[in-house]
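S.K.: What follows is the file model-v3.tsv, containing TSV, C-alpha atoms and all ligand atoms:
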```tsv
chain	number	residue	atom	x	y	z
E	1	MET	CA	-23.86	-1.38	24.69
E	2	ALA	CA	-26.62	-0.46	27.12
E	3	LEU	CA	-29.36	-2.92	27.91
E	4	ILE	CA	-32.75	-1.70	29.09
E	5	LYS	CA	-35.95	-3.39	30.10
E	6	VAL	CA	-39.34	-2.23	28.82
E	7	HIS	CA	-42.18	-4.20	30.35
E	8	ASP	CA	-41.07	-7.83	30.11
E	9	LYS	CA	-38.61	-7.44	27.23
E	10	THR	CA	-34.92	-6.55	27.01
E	11	PHE	CA	-33.67	-4.06	24.42
E	12	GLU	CA	-30.14	-2.96	23.46
E	13	THR	CA	-28.96	0.39	22.09
E	14	TYR	CA	-29.25	0.47	18.33
E	15	LEU	CA	-29.18	4.11	17.17
E	16	PRO	CA	-27.48	6.55	19.57
E	17	GLU	CA	-28.90	10.02	20.13
E	18	GLU	CA	-26.15	11.85	18.20
E	19	LEU	CA	-26.65	9.69	15.12
E	20	ILE	CA	-30.41	10.24	15.13
E	21	GLN	CA	-30.00	14.01	15.59
E	22	GLN	CA	-27.42	14.22	12.80
E	23	ARG	CA	-29.60	12.25	10.39
E	24	VAL	CA	-32.74	14.26	11.22
E	25	LYS	CA	-30.78	17.45	10.49
E	26	GLU	CA	-29.64	16.01	7.15
E	27	LEU	CA	-33.23	15.15	6.20
E	28	ALA	CA	-34.35	18.69	7.10
E	29	GLU	CA	-31.54	20.17	5.01
E	30	LYS	CA	-32.61	18.04	2.04
E	31	ILE	CA	-36.20	19.20	2.49
E	32	ASN	CA	-35.01	22.83	2.74
E	33	ALA	CA	-33.24	22.42	-0.61
E	34	ASP	CA	-36.04	20.48	-2.33
E	35	TYR	CA	-38.80	22.87	-1.19
E	36	LYS	CA	-36.94	26.17	-1.63
E	37	GLY	CA	-39.44	28.93	-2.41
E	38	ARG	CA	-42.38	26.66	-1.55
E	39	ARG	CA	-44.35	26.15	1.65
E	40	PRO	CA	-44.58	22.47	2.56
E	41	TYR	CA	-47.48	21.30	4.70
E	42	PHE	CA	-46.38	18.61	7.14
E	43	VAL	CA	-48.89	16.02	8.29
E	44	ALA	CA	-47.37	14.18	11.25
E	45	ILE	CA	-48.95	10.93	12.31
E	46	LEU	CA	-49.38	10.49	16.06
E	47	ASN	CA	-48.38	9.09	18.41
E	48	GLY	CA	-45.04	7.73	17.26
E	49	SER	CA	-43.82	10.63	15.10
E	50	PHE	CA	-44.10	13.45	17.65
E	51	MET	CA	-40.38	13.54	18.52
E	52	PHE	CA	-39.11	13.12	14.97
E	53	ALA	CA	-41.57	15.74	13.67
E	54	SER	CA	-40.52	18.19	16.37
E	55	ASP	CA	-36.77	17.81	15.74
E	56	LEU	CA	-37.21	17.85	11.96
E	57	PHE	CA	-39.33	21.00	12.14
E	58	LYS	CA	-36.68	22.84	14.21
E	59	HIS	CA	-34.18	22.50	11.39
E	60	LEU	CA	-36.45	23.83	8.66
E	61	THR	CA	-35.59	27.16	7.12
E	62	VAL	CA	-38.39	27.16	4.52
E	63	ASP	CA	-41.82	28.42	5.56
E	64	ALA	CA	-43.81	25.38	6.62
E	65	ASP	CA	-47.09	24.39	8.25
E	66	ILE	CA	-47.58	21.36	10.44
E	67	CYS	CA	-50.59	19.46	11.72
E	68	PHE	CA	-50.74	16.34	13.84
E	69	ILE	CA	-53.25	13.65	13.07
E	70	LYS	CA	-54.19	10.34	14.54
E	71	LEU	CA	-55.21	7.28	12.59
E	72	ALA	CA	-57.63	5.10	14.45
E	73	SER	CA	-59.07	1.79	13.36
E	74	TYR	CA	-62.50	0.72	14.50
E	75	LYS	CA	-64.67	-2.24	13.70
E	76	GLY	CA	-67.24	-1.19	11.15
E	77	THR	CA	-70.70	-2.62	11.25
E	78	GLN	CA	-70.17	-3.98	7.76
E	79	SER	CA	-68.25	-7.12	7.03
E	80	THR	CA	-65.39	-5.00	5.69
E	81	GLY	CA	-63.77	-5.27	9.14
E	82	ASN	CA	-61.30	-2.61	10.26
E	83	VAL	CA	-61.95	0.88	8.95
E	84	LEU	CA	-59.33	3.59	9.32
E	85	THR	CA	-60.50	7.01	10.47
E	86	THR	CA	-58.45	10.16	10.69
E	87	ILE	CA	-58.70	12.50	13.65
E	88	GLY	CA	-57.42	16.06	13.34
E	89	LEU	CA	-57.18	16.34	9.57
E	90	ASP	CA	-59.57	19.19	8.96
E	91	GLU	CA	-57.34	21.33	6.76
E	92	ASP	CA	-57.99	21.43	3.05
E	93	LEU	CA	-54.89	20.06	1.36
E	94	PHE	CA	-55.91	21.08	-2.15
E	95	GLY	CA	-52.94	22.50	-4.07
E	96	LYS	CA	-50.52	22.08	-1.14
E	97	ASP	CA	-47.09	20.44	-1.06
E	98	VAL	CA	-47.81	17.79	1.54
E	99	ILE	CA	-45.16	15.82	3.44
E	100	ILE	CA	-46.38	12.99	5.65
E	101	VAL	CA	-44.22	12.43	8.73
E	102	GLU	CA	-44.08	8.88	10.10
E	103	ASP	CA	-42.00	7.26	12.82
E	104	ILE	CA	-41.61	3.94	11.03
E	105	VAL	CA	-42.82	2.21	7.91
E	106	ASP	CA	-43.09	-1.47	8.74
E	107	THR	CA	-45.49	-3.43	6.49
E	108	GLY	CA	-46.58	-0.17	4.84
E	109	LYS	CA	-50.23	-1.01	5.53
E	110	THR	CA	-51.03	2.13	7.52
E	111	LEU	CA	-49.87	4.53	4.83
E	112	HIS	CA	-51.20	2.35	2.03
E	113	HIS	CA	-54.70	2.85	3.45
E	114	PHE	CA	-54.19	6.49	4.38
E	115	LEU	CA	-52.64	7.83	1.16
E	116	PRO	CA	-55.81	7.58	-0.99
E	117	ARG	CA	-57.60	9.77	1.58
E	118	LEU	CA	-55.00	12.47	1.17
E	119	MET	CA	-54.86	12.11	-2.62
E	120	HIS	CA	-58.63	12.62	-2.64
E	121	GLN	CA	-58.01	16.20	-1.49
E	122	GLN	CA	-55.80	16.77	-4.55
E	123	PRO	CA	-52.60	18.11	-3.00
E	124	LYS	CA	-50.12	19.60	-5.45
E	125	SER	CA	-47.52	17.04	-4.37
E	126	LEU	CA	-47.24	14.31	-1.76
E	127	GLN	CA	-44.08	12.93	-0.15
E	128	ILE	CA	-43.38	10.69	2.82
E	129	ALA	CA	-40.71	11.40	5.43
E	130	THR	CA	-40.13	8.46	7.74
E	131	LEU	CA	-37.45	8.16	10.37
E	132	LEU	CA	-37.24	4.37	10.08
E	133	HIS	CA	-38.04	1.84	7.39
E	134	LYS	CA	-38.00	-1.95	7.64
E	135	PRO	CA	-37.58	-3.00	3.98
E	136	GLU	CA	-37.76	-6.73	4.82
E	137	ALA	CA	-41.19	-6.27	6.39
E	138	THR	CA	-42.74	-4.44	3.45
E	139	GLU	CA	-46.01	-5.89	2.22
E	140	TYR	CA	-47.42	-2.73	0.71
E	141	PRO	CA	-44.71	-0.99	-1.35
E	142	LEU	CA	-44.53	2.79	-0.95
E	143	THR	CA	-42.32	5.46	-2.46
E	144	LEU	CA	-40.47	7.01	0.47
E	145	GLY	CA	-39.08	10.44	-0.36
E	146	TYR	CA	-37.12	10.89	2.87
E	147	THR	CA	-35.92	7.95	4.98
E	148	GLY	CA	-33.77	8.35	8.07
E	149	PHE	CA	-32.56	4.78	8.53
E	150	GLU	CA	-33.29	1.45	6.91
E	151	ILE	CA	-33.33	-1.10	9.70
E	152	PRO	CA	-33.66	-4.90	9.98
E	153	ASN	CA	-37.01	-6.47	10.70
E	154	LYS	CA	-36.67	-6.30	14.49
E	155	PHE	CA	-38.89	-4.50	16.97
E	156	VAL	CA	-37.55	-1.13	18.16
E	157	VAL	CA	-38.48	1.39	20.87
E	158	GLY	CA	-37.46	4.91	21.80
E	159	TYR	CA	-37.49	8.39	20.27
E	160	GLY	CA	-41.29	8.36	20.09
E	161	LEU	CA	-41.74	4.66	19.39
E	162	ASP	CA	-43.32	2.53	22.09
E	163	TYR	CA	-43.66	-1.02	23.24
E	164	ASP	CA	-47.14	-1.32	24.71
E	165	GLY	CA	-47.20	2.35	25.71
E	166	LEU	CA	-43.72	2.61	27.19
E	167	GLY	CA	-40.33	3.70	25.83
E	168	ARG	CA	-41.40	6.78	23.85
E	169	ASN	CA	-39.37	9.11	26.10
E	170	LEU	CA	-36.01	7.47	25.34
E	171	LYS	CA	-33.55	9.69	23.44
E	172	GLU	CA	-31.96	6.72	21.68
E	173	ILE	CA	-33.55	3.93	19.65
E	174	TYR	CA	-33.29	0.43	21.11
E	175	GLN	CA	-33.68	-2.92	19.41
E	176	LEU	CA	-35.22	-6.07	20.85
E	177	VAL	CA	-32.46	-8.46	21.98
E	201	LIG	P1	-47.17	-0.47	9.19
E	201	LIG	O1	-48.59	-0.11	8.92
E	201	LIG	O2	-47.00	-1.97	9.26
E	201	LIG	O3	-46.19	0.15	8.24
E	201	LIG	O4	-46.85	-0.01	10.67
E	201	LIG	C1	-46.72	1.30	11.01
E	201	LIG	C2	-46.93	1.52	12.49
E	201	LIG	O5	-46.70	0.36	13.29
E	201	LIG	C3	-45.92	2.55	12.97
E	201	LIG	O6	-46.39	3.85	12.78
E	201	LIG	C4	-45.75	2.16	14.43
E	201	LIG	O7	-46.71	2.81	15.22
E	201	LIG	C5	-45.97	0.67	14.46
E	201	LIG	N1	-44.69	-0.07	14.45
E	201	LIG	C6	-44.20	-0.83	13.45
E	201	LIG	N2	-43.00	-1.36	13.77
E	201	LIG	C7	-42.71	-0.91	15.02
E	201	LIG	C8	-41.58	-1.10	15.91
E	201	LIG	O8	-40.58	-1.80	15.62
E	201	LIG	N3	-41.65	-0.47	17.12
E	201	LIG	C9	-42.71	0.30	17.49
E	201	LIG	N4	-43.78	0.51	16.68
E	201	LIG	C10	-43.79	-0.09	15.46
```
Please rewrite the model in this file as structure tokens.
Ligand code: IMP

M.R.:
Amino acid sequence: MALIKVHDKTFETYLPEELIQQRVKELAEKINADYKGRRPYFVAILNGSFMFASDLFKHLTVDADICFIKLASYKGTQSTGNVLTTIGLDEDLFGKDVIIVEDIVDTGKTLHHFLPRLMHQQPKSLQIATLLHKPEATEYPLTLGYTGFEIPNKFVVGYGLDYDGLGRNLKEIYQLV
């Protein structure tokens, strides 16, 4: 078991590269079967999902579009507090088979706030593909169509996921010791 240091914290190998690659391929094959004859429109959420989205996309055999968006929260002037804005989502999703691509669903808060925005555009269907899911951390339940791995409620880095900006380049996923 390899130990690595990211900033001040120590992480150990949790999901090796081969296992991640195999599972991503399986998810893509399931999507290929489920969307046969259709043209899914992938909406990948930056930054964390860039590696997963890229590997998943390589294994698709159905025609598919992809766009990358960023969700940013800013303090509104009203007392409502944090408001979520989307950057890069300028495509009209009306009538499309949309698949959101996430790195990890933790509390579910991010997607819980984002989904109504997408639904507003009246896509034909909407599914979520997430590489990781922490079921124990869920505060906002979501229906996850495609989940790579269910993991314990421990902080992870690697394969796109960061700890304070670092660790995204790692090919494996590491768990906080
Ligand atoms: P949620 O809104 O609580 O579901 O959190 C989703 C976002 O939090 C993810 O897209 C990640 O950017 C970040 N996140 C949650 N858990 C982790 C983790 O263990 N490692 C790195 N980022 C995480």

S.K.: Skipping near chain neighbours, those fewer than 2 positions away, what residues fall within 12 Å of E:Met119 using all atoms listed in the file, listed as a list of chain:residue names?

M.R.: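 Residues near the query, excluding close chain neighbours: E:Asp92, E:Leu93, E:Phe94, E:Gly95, E:Lys96, E:Asp97, E:Val98, E:Ile100, E:Leu111, E:His112, E:His113, E:Phe114, E:Leu115, E:Pro116, E:Arg117, E:Gln121, E:Gln122, E:Pro123, E:Lys124, E:Ser125, E:Leu126, E:Gln127.
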
S.K.: Ligand LIG 201 (chain E): which residues are within 10 Å, counting only C-alpha atoms and all ligand atoms, as a PyMOL selection string?

M.R.: chain E and resi 45-49+71+101-114+130+132-134+137-142+151-158+160-165+167-168+173-176

S.K.: Keeping only C-alpha atoms, write the selected residues as a short mmCIF file (atom, residue, chain, number, x, y, z; two decimals), keeping the file's coordinate frame.

M.R.:
```
data_model
loop_
_atom_site.label_atom_id
_atom_site.label_comp_id
_atom_site.auth_asym_id
_atom_site.auth_seq_id
_atom_site.Cartn_x
_atom_site.Cartn_y
_atom_site.Cartn_z
CA ILE E 45 -48.95 10.93 12.31
CA LEU E 46 -49.38 10.49 16.06
CA ASN E 47 -48.38 9.09 18.41
CA GLY E 48 -45.04 7.73 17.26
CA SER E 49 -43.82 10.63 15.10
CA LEU E 71 -55.21 7.28 12.59
CA VAL E 101 -44.22 12.43 8.73
CA GLU E 102 -44.08 8.88 10.10
CA ASP E 103 -42.00 7.26 12.82
CA ILE E 104 -41.61 3.94 11.03
CA VAL E 105 -42.82 2.21 7.91
CA ASP E 106 -43.09 -1.47 8.74
CA THR E 107 -45.49 -3.43 6.49
CA GLY E 108 -46.58 -0.17 4.84
CA LYS E 109 -50.23 -1.01 5.53
CA THR E 110 -51.03 2.13 7.52
CA LEU E 111 -49.87 4.53 4.83
CA HIS E 112 -51.20 2.35 2.03
CA HIS E 113 -54.70 2.85 3.45
CA PHE E 114 -54.19 6.49 4.38
CA THR E 130 -40.13 8.46 7.74
CA LEU E 132 -37.24 4.37 10.08
CA HIS E 133 -38.04 1.84 7.39
CA LYS E 134 -38.00 -1.95 7.64
CA ALA E 137 -41.19 -6.27 6.39
CA THR E 138 -42.74 -4.44 3.45
CA GLU E 139 -46.01 -5.89 2.22
CA TYR E 140 -47.42 -2.73 0.71
CA PRO E 141 -44.71 -0.99 -1.35
CA LEU E 142 -44.53 2.79 -0.95
CA ILE E 151 -33.33 -1.10 9.70
CA PRO E 152 -33.66 -4.90 9.98
CA ASN E 153 -37.01 -6.47 10.70
CA LYS E 154 -36.67 -6.30 14.49
CA PHE E 155 -38.89 -4.50 16.97
CA VAL E 156 -37.55 -1.13 18.16
CA VAL E 157 -38.48 1.39 20.87
CA GLY E 158 -37.46 4.91 21.80
CA GLY E 160 -41.29 8.36 20.09
CA LEU E 161 -41.74 4.66 19.39
CA ASP E 162 -43.32 2.53 22.09
CA TYR E 163 -43.66 -1.02 23.24
CA ASP E 164 -47.14 -1.32 24.71
CA GLY E 165 -47.20 2.35 25.71
CA GLY E 167 -40.33 3.70 25.83
CA ARG E 168 -41.40 6.78 23.85
CA ILE E 173 -33.55 3.93 19.65
CA TYR E 174 -33.29 0.43 21.11
CA GLN E 175 -33.68 -2.92 19.41
CA LEU E 176 -35.22 -6.07 20.85
#
```

S.K.: When distances are computed from only C-alpha atoms, which of E:Ile99, E:Met1, E:Leu56, E:Glu26 shows the smallest separation from E:Tyr14?

M.R.: E:Met1

S.K.: Using all atoms listed in the file, determine which residues lie at most 12 Å from E:Gly37, disregarding the query and same-chain residues fewer than 3 positions distant; provide the list as a list in words.

M.R.: Ile31, Asn32, Ala33, Asp34, Pro40, Thr61, Val62, Asp63, Ala64 and Asp97 of chain E

S.K.: Could you tell me, as number ranges by chain, which residues have any atom at most 7 Å from (-34.1, 22.3, 8.9), counting all atoms listed in the file?

M.R.: E: 25, 28-29, 32, 56-61

S.K.: Identify the residues within 12 Å of coordinate (-27.7, 9.9, 12.9) (same frame as the file), considering only C-alpha atoms, and give the answer as an MDAnalysis selection string.

M.R.: chainID E and resid 14:27 131:132 147:150 172:173

S.K.: For the atom pair atom CA of E:Thr86 and atom CA of E:Phe68, what is the interatomic distance in Å to one decimal place?

M.R.: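 So the two atoms, atom CA of E:Thr86 and atom CA of E:Phe68, lie 10.4 Å apart.
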
S.K.: Could you state the separation of atom CA of E:Lys36 and atom CA of E:Ile128 in Å, given to one decimal place?

M.R.: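 Straight-line distance from atom CA of E:Lys36 to atom CA of E:Ile128 works out to 17.3 Å.
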
S.K.: I'd like to know which of E:Thr85, E:Thr10, E:Ser54, E:Thr143 is closest to E:Tyr159, using all atoms listed in the file.

M.R.: E:Ser54

S.K.: For atom CA of E:Leu84 and atom CA of E:His7, determine how far apart the two atoms are, in Å to one decimal place.

M.R.: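 Between atom CA of E:Leu84 and atom CA of E:His7 the gap works out to 28.2 Å.
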
S.K.: Where's the centre, and what are the edge lengths in Å to one decimal, of a box along x, y and z enclosing all listed atoms of stretch 116-133 of chain E padded 3 Å per side, as lines of an AutoDock Vina configuration file?

M.R.:
```
center_x = -47.9
center_y = 10.7
center_z = 2.5
size_x = 27.4
size_y = 23.8
size_z = 21.8
```

S.K.: Pull stretch 128-139 of chain E out of the block and emit all heavy atoms, as a tab-separated table (two decimals), in the first residue's frame.

M.R.:
```
chain	number	residue	atom	x	y	z
E	128	ILE	N	-27.69	10.92	-13.95
E	128	ILE	CA	-26.43	11.34	-13.34
E	128	ILE	C	-25.44	10.18	-13.43
E	128	ILE	O	-25.79	9.04	-13.10
E	128	ILE	CB	-26.63	11.72	-11.86
E	128	ILE	CG1	-27.61	12.89	-11.72
E	128	ILE	CG2	-25.29	12.06	-11.20
E	128	ILE	CD1	-28.14	13.09	-10.32
E	129	ALA	N	-24.24	10.49	-13.90
E	129	ALA	CA	-23.14	9.50	-13.87
E	129	ALA	C	-22.08	10.07	-12.93
E	129	ALA	O	-21.51	11.13	-13.19
E	129	ALA	CB	-22.57	9.29	-15.27
E	130	THR	N	-21.84	9.37	-11.84
E	130	THR	CA	-20.81	9.83	-10.90
E	130	THR	C	-19.80	8.72	-10.68
E	130	THR	O	-20.18	7.55	-10.56
E	130	THR	CB	-21.43	10.30	-9.56
E	130	THR	OG1	-20.38	10.83	-8.74
E	130	THR	CG2	-22.12	9.19	-8.79
E	131	LEU	N	-18.53	9.10	-10.65
E	131	LEU	CA	-17.52	8.07	-10.43
E	131	LEU	C	-17.62	7.54	-9.00
E	131	LEU	O	-17.57	6.35	-8.76
E	131	LEU	CB	-16.11	8.64	-10.67
E	131	LEU	CG	-15.00	7.62	-10.45
E	131	LEU	CD1	-15.00	6.57	-11.54
E	131	LEU	CD2	-13.65	8.30	-10.36
E	132	LEU	N	-17.77	8.46	-8.05
E	132	LEU	CA	-17.80	8.07	-6.63
E	132	LEU	C	-19.07	8.56	-5.96
E	132	LEU	O	-19.62	9.59	-6.33
E	132	LEU	CB	-16.58	8.66	-5.90
E	132	LEU	CG	-15.20	8.35	-6.47
E	132	LEU	CD1	-14.14	9.15	-5.73
E	132	LEU	CD2	-14.90	6.86	-6.39
E	133	HIS	N	-19.49	7.81	-4.96
E	133	HIS	CA	-20.64	8.22	-4.15
E	133	HIS	C	-20.35	7.85	-2.71
E	133	HIS	O	-19.91	6.73	-2.43
E	133	HIS	CB	-21.91	7.52	-4.66
E	133	HIS	CG	-23.13	7.85	-3.86
E	133	HIS	ND1	-24.13	6.94	-3.62
E	133	HIS	CD2	-23.50	9.00	-3.24
E	133	HIS	CE1	-25.07	7.51	-2.88
E	133	HIS	NE2	-24.73	8.75	-2.64
E	134	LYS	N	-20.60	8.81	-1.81
E	134	LYS	CA	-20.45	8.53	-0.37
E	134	LYS	C	-21.85	8.45	0.24
E	134	LYS	O	-22.39	9.47	0.69
E	134	LYS	CB	-19.68	9.67	0.31
E	134	LYS	CG	-18.22	9.79	-0.07
E	134	LYS	CD	-17.62	10.97	0.70
E	134	LYS	CE	-16.19	11.21	0.32
E	134	LYS	NZ	-15.67	12.48	0.87
E	135	PRO	N	-22.44	7.25	0.25
E	135	PRO	CA	-23.84	7.13	0.73
E	135	PRO	C	-24.02	7.62	2.16
E	135	PRO	O	-25.05	8.23	2.49
E	135	PRO	CB	-24.13	5.63	0.65
E	135	PRO	CG	-23.10	5.08	-0.26
E	135	PRO	CD	-21.90	5.95	-0.14
E	136	GLU	N	-23.02	7.42	3.01
E	136	GLU	CA	-23.14	7.82	4.43
E	136	GLU	C	-23.18	9.34	4.60
E	136	GLU	O	-23.63	9.83	5.63
E	136	GLU	CB	-21.96	7.29	5.25
E	136	GLU	CG	-21.88	5.79	5.33
E	136	GLU	CD	-20.46	5.31	5.66
E	136	GLU	OE1	-19.69	6.05	6.27
E	136	GLU	OE2	-20.14	4.18	5.26
E	137	ALA	N	-22.70	10.07	3.61
E	137	ALA	CA	-22.64	11.52	3.72
E	137	ALA	C	-23.87	12.21	3.13
E	137	ALA	O	-24.04	13.42	3.26
E	137	ALA	CB	-21.39	12.04	3.00
E	138	THR	N	-24.75	11.42	2.52
E	138	THR	CA	-25.88	12.00	1.79
E	138	THR	C	-26.83	12.78	2.70
E	138	THR	O	-27.30	12.27	3.69
E	138	THR	CB	-26.68	10.89	1.07
E	138	THR	OG1	-25.78	10.17	0.24
E	138	THR	CG2	-27.80	11.47	0.23
E	139	GLU	N	-27.04	14.03	2.32
E	139	GLU	CA	-28.03	14.86	3.01
E	139	GLU	C	-29.17	15.23	2.07
E	139	GLU	O	-30.27	15.52	2.50
E	139	GLU	CB	-27.38	16.15	3.51
E	139	GLU	CG	-26.43	15.94	4.68
E	139	GLU	CD	-25.67	17.21	5.01
E	139	GLU	OE1	-26.23	18.31	4.83
E	139	GLU	OE2	-24.50	17.09	5.41
```
